[in-house]
$ cat my_file19.cif   # mmCIF, C-alpha atoms and all ligand atoms
data_run
#
loop_
_atom_site.label_atom_id
_atom_site.label_comp_id
_atom_site.auth_asym_id
_atom_site.auth_seq_id
_atom_site.Cartn_x
_atom_site.Cartn_y
_atom_site.Cartn_z
CA MET A 7 -81.63 -25.52 21.04
CA ARG A 8 -80.42 -29.07 21.45
CA LEU A 9 -76.87 -28.13 20.54
CA GLY A 10 -77.01 -25.34 23.09
CA LEU A 11 -78.15 -27.72 25.78
CA ILE A 12 -75.43 -30.23 24.97
CA CYS A 13 -72.98 -27.42 25.03
CA LEU A 14 -74.24 -26.12 28.35
CA LEU A 15 -73.84 -29.55 29.89
CA GLY A 16 -70.56 -30.06 28.11
CA THR A 17 -68.97 -26.90 29.45
CA THR A 18 -69.51 -28.03 33.00
CA VAL A 19 -67.15 -30.96 32.45
CA LEU A 20 -65.06 -30.01 29.45
CA VAL A 21 -62.50 -27.25 29.36
CA GLY A 22 -62.97 -24.98 26.39
CA GLY A 23 -66.76 -24.87 26.01
CA CYS A 24 -68.67 -23.99 22.85
CA ASN A 25 -66.03 -21.90 21.23
CA ASP A 26 -64.03 -25.04 20.62
CA LEU A 27 -66.80 -26.97 18.83
CA PRO A 28 -65.35 -28.36 15.60
CA GLY A 29 -66.44 -26.36 12.55
CA LYS A 30 -67.62 -23.31 14.49
CA PRO A 31 -66.24 -20.17 12.80
CA PRO A 32 -64.16 -17.92 15.08
CA PRO A 33 -65.94 -14.80 16.36
CA ASN A 34 -65.42 -11.74 14.18
CA PRO A 35 -62.47 -9.71 15.44
CA ALA A 36 -63.35 -6.13 16.41
CA PRO A 37 -63.08 -4.05 13.22
CA VAL A 38 -59.85 -2.03 13.17
CA ILE A 39 -60.37 1.48 11.78
CA PRO A 40 -57.23 2.57 9.92
CA ALA A 41 -55.46 5.27 11.94
CA ASN A 42 -55.01 7.54 8.92
CA THR A 43 -58.77 8.05 8.57
CA SER A 44 -60.66 10.73 10.42
CA ALA A 45 -62.50 8.21 12.64
CA GLY A 46 -59.36 6.11 13.18
CA PHE A 47 -57.09 8.90 14.34
CA GLU A 48 -59.86 10.44 16.47
CA ALA A 49 -60.33 7.15 18.33
CA ILE A 50 -56.62 7.05 19.21
CA TYR A 51 -56.61 10.76 20.02
CA ALA A 52 -59.58 10.36 22.40
CA GLU A 53 -57.84 7.51 24.21
CA ARG A 54 -54.27 8.76 24.27
CA CYS A 55 -54.18 12.56 23.93
CA ALA A 56 -57.52 14.15 24.88
CA GLY A 57 -56.88 14.09 28.64
CA CYS A 58 -54.13 16.68 28.24
CA HIS A 59 -54.62 18.26 24.79
CA GLY A 60 -58.39 18.55 25.21
CA ASN A 61 -61.50 16.80 23.93
CA ASN A 62 -61.70 17.13 20.15
CA GLY A 63 -58.31 18.81 20.16
CA VAL A 64 -59.14 22.01 22.06
CA LEU A 65 -59.47 23.45 25.57
CA GLY A 66 -56.97 21.13 27.25
CA ALA A 67 -54.20 22.00 29.67
CA ALA A 68 -51.63 21.31 26.91
CA ARG A 69 -51.78 23.16 23.60
CA PRO A 70 -54.62 22.48 21.17
CA MET A 71 -53.91 19.97 18.40
CA ARG A 72 -56.95 21.03 16.37
CA ASP A 73 -55.08 24.01 14.99
CA ALA A 74 -54.58 23.99 11.23
CA ASP A 75 -51.92 26.72 11.31
CA TYR A 76 -49.90 24.75 13.88
CA LEU A 77 -50.27 21.40 12.10
CA GLN A 78 -49.24 23.04 8.82
CA SER A 79 -46.07 24.50 10.36
CA ILE A 80 -44.64 21.73 12.52
CA PRO A 81 -42.85 19.29 10.21
CA ARG A 82 -44.61 15.92 10.10
CA GLU A 83 -41.47 14.07 11.10
CA THR A 84 -41.13 16.34 14.14
CA LEU A 85 -44.78 15.79 15.04
CA PHE A 86 -44.09 12.06 14.84
CA ALA A 87 -40.87 12.28 16.88
CA VAL A 88 -42.39 14.45 19.65
CA THR A 89 -45.39 12.12 19.96
CA ARG A 90 -43.27 8.99 19.84
CA ASN A 91 -40.54 10.14 22.24
CA GLY A 92 -42.32 12.72 24.40
CA VAL A 93 -40.71 15.89 25.72
CA PRO A 94 -38.19 15.01 28.47
CA GLY A 95 -38.55 17.01 31.66
CA THR A 96 -42.21 17.91 30.96
CA ARG A 97 -45.57 16.16 31.31
CA MET A 98 -45.62 15.21 27.60
CA PRO A 99 -45.26 11.41 27.81
CA GLN A 100 -43.48 9.12 25.41
CA MET A 101 -46.22 7.42 23.38
CA GLY A 102 -44.19 5.02 21.20
CA GLY A 103 -40.91 3.13 21.22
CA ASP A 104 -40.24 1.46 24.56
CA ALA A 105 -43.10 3.26 26.36
CA VAL A 106 -45.53 1.18 28.40
CA ASP A 107 -48.29 0.11 25.98
CA PRO A 108 -46.69 1.92 23.03
CA ILE A 109 -48.48 2.97 19.87
CA PRO A 110 -46.54 1.01 17.19
CA ASP A 111 -44.54 3.20 14.79
CA ASP A 112 -46.60 2.27 11.70
CA VAL A 113 -49.87 3.12 13.50
CA LEU A 114 -48.34 6.34 14.82
CA HIS A 115 -47.32 7.43 11.30
CA LYS A 116 -50.90 6.85 10.13
CA PHE A 117 -52.28 8.62 13.20
CA ILE A 118 -50.19 11.70 12.42
CA GLU A 119 -51.31 11.54 8.79
CA GLY A 120 -54.97 11.30 9.90
CA MET A 121 -54.60 14.20 12.33
CA VAL A 122 -52.90 16.50 9.80
CA ASP A 123 -55.38 15.58 7.05
CA THR A 124 -58.39 16.16 9.35
CA TRP A 125 -57.45 19.05 11.63
CA GLY A 126 -54.57 20.54 9.64
CA VAL A 127 -56.44 21.83 6.60
CA LEU A 128 -56.26 25.60 6.15
CA LYS A 129 -59.19 27.05 4.26
CA PRO A 130 -58.17 29.22 1.29
CA GLY A 131 -57.40 32.73 2.52
CA GLU A 132 -57.75 31.70 6.20
CA PRO A 133 -55.59 34.02 8.33
CA ARG A 134 -52.61 32.37 10.02
CA PRO A 135 -52.02 33.51 13.62
CA SER A 136 -48.37 32.42 13.19
CA ARG A 137 -47.87 34.57 10.06
CA GLY A 138 -45.82 31.62 8.80
CA ILE A 139 -43.12 32.02 11.48
CA ALA A 140 -41.24 28.74 11.93
CA TRP A 141 -42.17 26.28 14.69
CA LYS A 142 -38.68 25.41 15.91
CA HIS A 143 -37.08 27.04 18.91
CA VAL A 144 -33.36 27.61 18.37
CA PRO A 145 -31.51 27.39 21.72
CA GLY A 146 -29.55 30.54 22.52
CA SER A 147 -31.45 32.69 20.03
CA GLY A 148 -33.12 35.97 20.95
CA ASP A 149 -32.24 38.87 23.20
CA ALA A 150 -33.86 38.89 26.64
CA SER A 151 -33.64 42.66 27.15
CA ARG A 152 -35.34 43.40 23.82
CA GLY A 153 -37.88 40.73 24.80
CA ALA A 154 -38.54 42.51 28.11
CA ALA A 155 -39.52 45.71 26.27
CA ILE A 156 -41.84 43.84 23.87
CA PHE A 157 -43.37 41.92 26.77
CA GLU A 158 -44.06 45.15 28.63
CA ALA A 159 -45.65 46.73 25.56
CA LYS A 160 -47.77 43.79 24.38
CA CYS A 161 -48.16 41.03 26.94
CA VAL A 162 -48.04 42.29 30.52
CA TYR A 163 -51.68 43.36 30.61
CA CYS A 164 -52.84 39.76 30.10
CA HIS A 165 -49.87 38.18 31.92
CA PRO A 166 -49.09 40.38 34.94
CA ALA A 167 -46.29 38.98 37.11
CA GLN A 168 -48.70 39.43 39.99
CA MET A 169 -52.39 39.85 39.41
CA LYS A 170 -52.54 42.94 41.62
CA ALA A 171 -50.27 44.90 39.31
CA SER A 172 -52.82 44.68 36.52
CA ALA A 173 -55.26 47.43 35.60
CA ALA A 174 -57.84 44.69 35.17
CA TYR A 175 -57.60 43.78 38.83
CA ASP A 176 -60.29 45.48 40.87
CA LEU A 177 -58.39 47.05 43.77
CA ASP A 178 -61.61 47.89 45.58
CA ARG A 179 -62.62 44.25 45.59
CA PRO A 180 -59.44 42.22 46.18
CA GLY A 181 -59.45 38.88 44.39
CA THR A 182 -61.74 40.02 41.56
CA VAL A 183 -60.43 40.10 38.02
CA THR A 184 -62.65 42.35 35.96
CA ASP A 185 -61.29 41.32 32.56
CA PRO A 186 -61.43 37.62 31.60
CA LEU A 187 -58.45 38.13 29.26
CA VAL A 188 -56.18 38.60 32.25
CA VAL A 189 -54.52 35.28 33.03
CA GLY A 190 -51.57 34.08 35.08
CA SER A 191 -47.89 34.90 34.97
CA VAL A 192 -45.70 33.30 32.31
CA VAL A 193 -42.48 34.47 33.98
CA ASP A 194 -43.05 32.61 37.25
CA PRO A 195 -40.17 30.17 37.88
CA PHE A 196 -42.61 27.57 39.16
CA TYR A 197 -44.57 27.78 35.89
CA LEU A 198 -41.38 27.76 33.82
CA ARG A 199 -40.22 24.51 35.37
CA LEU A 200 -43.29 22.72 33.97
CA VAL A 201 -42.74 23.61 30.33
CA SER A 202 -39.99 23.52 27.74
CA ASP A 203 -38.57 26.45 25.79
CA GLN A 204 -40.27 25.04 22.71
CA HIS A 205 -43.62 25.17 24.48
CA LEU A 206 -43.10 28.88 25.18
CA ARG A 207 -42.26 29.49 21.53
CA SER A 208 -45.21 27.46 20.22
CA SER A 209 -47.51 29.40 22.57
CA VAL A 210 -46.27 32.75 21.27
CA VAL A 211 -46.18 31.82 17.57
CA TYR A 212 -49.56 30.03 17.27
CA GLY A 213 -51.34 31.41 20.32
CA ARG A 214 -54.29 29.56 21.77
CA ALA A 215 -57.35 30.52 19.79
CA ASP A 216 -59.40 28.26 22.09
CA LEU A 217 -58.55 30.39 25.17
CA GLY A 218 -58.10 33.88 23.73
CA MET A 219 -54.29 33.92 23.48
CA PRO A 220 -53.31 35.70 20.25
CA GLY A 221 -50.65 34.22 17.95
CA ALA A 222 -47.81 36.26 16.43
CA ALA A 223 -50.35 38.13 14.28
CA GLY A 224 -51.89 39.69 17.43
CA PRO A 225 -53.76 41.75 18.39
CA PHE A 226 -52.04 42.34 21.75
CA ARG A 227 -52.74 44.68 24.66
CA SER A 228 -50.96 47.76 25.90
CA PRO A 229 -50.29 47.93 29.67
CA ASP A 230 -53.55 49.86 30.10
CA GLY A 231 -55.56 47.23 28.23
CA LYS A 232 -55.93 48.92 24.81
CA GLU A 233 -55.69 46.81 21.70
CA VAL A 234 -52.27 46.85 19.97
CA ALA A 235 -52.51 45.68 16.36
CA GLU A 236 -48.80 45.58 15.46
CA PRO A 237 -47.82 41.89 14.96
CA LEU A 238 -44.66 40.07 16.07
CA ASP A 239 -41.92 39.10 13.60
CA ALA A 240 -39.63 36.10 14.00
CA GLU A 241 -37.00 38.15 15.81
CA ALA A 242 -39.52 39.45 18.35
CA VAL A 243 -40.72 35.90 19.01
CA ALA A 244 -37.16 34.74 19.76
CA ASP A 245 -36.60 37.79 21.98
CA LEU A 246 -39.79 37.11 23.95
CA VAL A 247 -38.83 33.47 24.49
CA ALA A 248 -35.33 34.52 25.62
CA TYR A 249 -36.98 36.94 28.06
CA MET A 250 -39.32 34.34 29.57
CA ILE A 251 -36.51 31.76 29.80
CA SER A 252 -34.31 34.26 31.67
CA PHE A 253 -36.60 33.85 34.70
CA ARG A 254 -35.48 30.26 35.07
CA ASP A 255 -32.35 31.74 36.65
CA GLU A 256 -34.26 32.26 39.84
CA TRP A 257 -34.45 28.57 40.37
CA PRO A 258 -35.93 27.55 43.70
CA THR A 259 -33.41 24.85 44.61
CA ARG A 260 -29.84 24.16 43.56
CA ALA A 261 -30.54 20.51 42.78
CA GLU A 262 -32.81 21.31 39.83
CA LYS A 263 -31.60 22.24 36.39
CA LYS A 264 -32.48 25.36 34.48
CA ASP A 265 -33.81 23.68 31.33
CA GLY A 266 -36.44 21.72 33.24
CA ALA A 267 -34.75 18.42 32.40
CA PRO A 268 -34.71 15.81 35.18
C1 LIG B 301 -55.48 39.20 25.24
C2 LIG B 301 -54.72 38.60 26.31
C3 LIG B 301 -53.39 37.99 25.98
C4 LIG B 301 -52.30 38.62 25.41
C5 LIG B 301 -52.20 40.00 24.84
C6 LIG B 301 -51.23 37.65 25.48
N1 LIG B 301 -51.66 36.50 26.05
FE1 LIG B 301 -50.55 34.87 26.42
N2 LIG B 301 -52.18 33.85 26.98
C7 LIG B 301 -53.45 34.37 27.09
C8 LIG B 301 -54.38 33.32 27.45
C9 LIG B 301 -55.86 33.48 27.67
C10 LIG B 301 -53.61 32.14 27.55
C11 LIG B 301 -54.07 30.76 27.93
C12 LIG B 301 -53.93 30.60 29.41
C13 LIG B 301 -54.22 29.22 29.87
O1 LIG B 301 -53.54 28.30 29.43
O2 LIG B 301 -55.09 29.07 30.71
C14 LIG B 301 -52.24 32.51 27.25
C15 LIG B 301 -51.18 31.63 27.24
C16 LIG B 301 -49.85 31.99 27.09
C17 LIG B 301 -48.73 31.09 27.23
C18 LIG B 301 -48.82 29.59 27.50
C19 LIG B 301 -49.25 29.30 28.88
C20 LIG B 301 -49.35 27.79 29.03
O3 LIG B 301 -50.45 27.26 28.83
O4 LIG B 301 -48.34 27.15 29.28
C21 LIG B 301 -47.59 31.82 27.02
C22 LIG B 301 -46.17 31.32 27.08
C23 LIG B 301 -48.01 33.17 26.73
N3 LIG B 301 -49.39 33.24 26.79
C24 LIG B 301 -47.16 34.23 26.45
C25 LIG B 301 -47.58 35.45 25.97
C26 LIG B 301 -46.69 36.46 25.43
C27 LIG B 301 -45.19 36.38 25.37
C28 LIG B 301 -47.49 37.49 25.02
C29 LIG B 301 -47.09 38.78 24.33
C30 LIG B 301 -46.54 38.65 23.02
C31 LIG B 301 -48.86 37.12 25.31
N4 LIG B 301 -48.88 35.88 25.88
C32 LIG B 301 -49.95 37.93 25.05
C33 LIG B 301 -53.81 35.69 26.91
C34 LIG B 301 -52.98 36.64 26.35
C1 LIG B 302 -50.15 13.51 30.27
C2 LIG B 302 -50.48 14.63 29.41
C3 LIG B 302 -50.26 14.49 27.92
C4 LIG B 302 -50.69 13.51 27.07
C5 LIG B 302 -51.48 12.26 27.39
C6 LIG B 302 -50.24 13.91 25.75
N1 LIG B 302 -49.57 15.10 25.81
FE1 LIG B 302 -48.70 16.06 24.26
N2 LIG B 302 -47.98 17.46 25.54
C7 LIG B 302 -48.25 17.53 26.89
C8 LIG B 302 -47.55 18.66 27.46
C9 LIG B 302 -47.60 19.10 28.90
C10 LIG B 302 -46.84 19.27 26.40
C11 LIG B 302 -45.90 20.47 26.49
C12 LIG B 302 -44.52 19.94 26.76
C13 LIG B 302 -43.49 21.03 26.71
O1 LIG B 302 -43.39 21.79 27.66
O2 LIG B 302 -42.79 21.11 25.67
C14 LIG B 302 -47.12 18.48 25.22
C15 LIG B 302 -46.60 18.75 23.97
C16 LIG B 302 -46.97 18.11 22.80
C17 LIG B 302 -46.52 18.49 21.48
C18 LIG B 302 -45.54 19.60 21.16
C19 LIG B 302 -46.26 20.94 21.26
C20 LIG B 302 -45.36 22.12 20.93
O3 LIG B 302 -44.78 22.70 21.84
O4 LIG B 302 -45.27 22.50 19.75
C21 LIG B 302 -47.13 17.65 20.61
C22 LIG B 302 -46.99 17.64 19.10
C23 LIG B 302 -47.94 16.74 21.38
N3 LIG B 302 -47.81 17.04 22.71
C24 LIG B 302 -48.74 15.73 20.84
C25 LIG B 302 -49.42 14.78 21.61
C26 LIG B 302 -50.18 13.70 21.04
C27 LIG B 302 -50.38 13.49 19.56
C28 LIG B 302 -50.65 12.95 22.09
C29 LIG B 302 -51.44 11.67 22.04
C30 LIG B 302 -50.90 10.60 21.21
C31 LIG B 302 -50.20 13.61 23.31
N4 LIG B 302 -49.47 14.71 22.97
C32 LIG B 302 -50.49 13.18 24.59
C33 LIG B 302 -49.04 16.66 27.60
C34 LIG B 302 -49.57 15.49 27.11
#

$ encode --input "my_file19.cif" --output "structure tokens"
Amino acid sequence: MRLGLICLLGTTVLVGGCNDLPGKPPPNPAPVIPANTSAGFEAIYAERCAGCHGNNGVLGAARPMRDADYLQSIPRETLFAVTRNGVPGTRMPQMGGDAVDPIPDDVLHKFIEGMVDTWGVLKPGEPRPSRGIAWKHVPGSGDASRGAAIFEAKCVYCHPAQMKASAAYDLDRPGTVTDPLVVGSVVDPFYLRLVSDQHLRSSVVYGRADLGMPGAAGPFRSPDGKEVAEPLDAEAVADLVAYMISFRDEWPTRAEKKDGAP
């Protein structure tokens, strides 16, 4: 009590106040949870990734990170590099290096470790939507005309170029989509300028289980909405990506580049 009173009086005239009293131990620093633990990586994820990749790793605008098949396929070093350096020309920001308020490299390595160890564990016998097809997009691979045929047979029902062309669109009640699986176009040049070629490939290989997008294992939809079980192989994935990319040719202005880079 008395010390407190002295201190209270003291602080009015002395700079520094009670924290500088000789012999007083420093306040405990906030405990730092190691980033390679489940709680540690989740704290960083919530602060730095959740806004775009979704709370708890799902249902964001950008692809889910809580996807064991995906985290098992993308090499750890690539996961580190993409997170550290971002994806130029897209909304994936640089998170390390000379970014503003960077995550230091050693913390980032642990963060990746924590994420893969927590969200990247496949249960024994768990089906893999990717069927083990590799993560990496190889520029120039695939055949756009073969991709067009596959797209027509398996994708167009859910991704009509215009909603009206879809069987799931109720022509008697314009503006009503009768099937919630029907989503927007993925061959729209305005969409394609927001995402990289790799993003298109990752979407096709792993799908988005959180939103109902099948991975390479399917099942897909025929143009009239029937289920198509036949899966995609690696060649078909490359063909589909080549097909989607080909729509970047219809670029709205001459000043912008086809690959989405600034
Ligand atoms: C059963 C319906 C369905 C089928 C079949 C389907 N998709 Fe999708 N697709 C979705 C849904 C749902 C999403 C998530 C949309 C969102 O992000 O809101 C999606 C997302 C995507 C995206 C990523 C969009 C983004 O978020 O940037 C791409 C690319 C894509 N699909 C391509 C394809 C291709 C190629 C095929 C055929 C092999 C295909 N889809 C088949 C339903 C489907
Ligand atoms: C401002 C939004 C935003 C934030 C914040 C963000 N991302 Fe992303 N991220 C994106 C977008 C958009 C893409 C797709 C980029 C593209 O088109 O390739 C992406 C792509 C990625 C990819 C590559 C996905 C693929 O195509 O295989 C990884 C990995 C990734 N982000 C991890 C992270 C991690 C980890 C964090 C947090 C430390 C994070 N991101 C924070 C928006 C964001």

$ residues_near_ligand --input "my_file19.cif" --ligand "ligand LIG 302 (chain B)" --cutoff "6 Å" --atoms "only C-alpha atoms and all ligand atoms" --output "NGL selection string"
:A and (51 or 54-55 or 57-58 or 68 or 85 or 88-89 or 93 or 96-99 or 201-202 or 204-205 or 208)

$ residues_near_point --input "my_file19.cif" --point "(-44.8, 8.1, 11.3)" --cutoff "9 Å" --atoms "all atoms listed in the file" --output "VMD selection string"
chain A and resid 82 to 83 85 to 87 90 111 to 119

$ residues_near_ligand --input "my_file19.cif" --ligand "ligand LIG 301 (chain B)" --cutoff "8 Å" --atoms "only C-alpha atoms and all ligand atoms" --output "ChimeraX atom specification"
/A:67-69,156-157,160-165,186-190,192,197,201,205-210,213-214,217-222,224-228,238,243,246-247,250

$ closest_residue --input "my_file19.cif" --among "A:Tyr212, A:Phe196, A:Tyr76, A:Trp141" --to "Arg254 of chain A" --atoms "all atoms listed in the file"
A:Phe196

$ atom_distance --input "my_file19.cif" --atom1 "atom CA of Glu132 of chain A" --atom2 "atom CA of Ala244 of chain A"
24.8 Å

$ closest_residue --input "my_file19.cif" --among "A:Glu158, A:Gly95, A:Ala223, A:Gln168" --to "Leu198 of chain A" --atoms "all atoms listed in the file"
A:Gly95

$ closest_residue --input "my_file19.cif" --among "A:Gly153, A:Pro40, A:Pro33, A:Pro237" --to "Ile139 of chain A" --atoms "all atoms listed in the file"
A:Pro237

$ atom_distance --input "my_file19.cif" --atom1 "atom CA of Trp125 of chain A" --atom2 "atom CA of Ile109 of chain A"
20.2 Å

$ closest_residue --input "my_file19.cif" --among "A:Ala150, A:Ala159, A:Glu53, A:Ser252" --to "Val193 of chain A" --atoms "only C-alpha atoms"
A:Ser252

$ closest_residue --input "my_file19.cif" --among "A:His143, A:Lys30, A:Lys232, A:Arg134" --to "Asp245 of chain A" --atoms "all atoms listed in the file"
A:His143

$ residues_around --input "my_file19.cif" --residues "Ile39 of chain A" --least-positions-apart "2" --cutoff "12 Å" --atoms "only C-alpha atoms" --output "VMD selection string"
chain A and resid 35 to 37 41 to 50 113 116 to 117 120

$ atom_distance --input "my_file19.cif" --atom1 "atom CA of Ser191 of chain A" --atom2 "atom CA of Gly63 of chain A"
24.2 Å
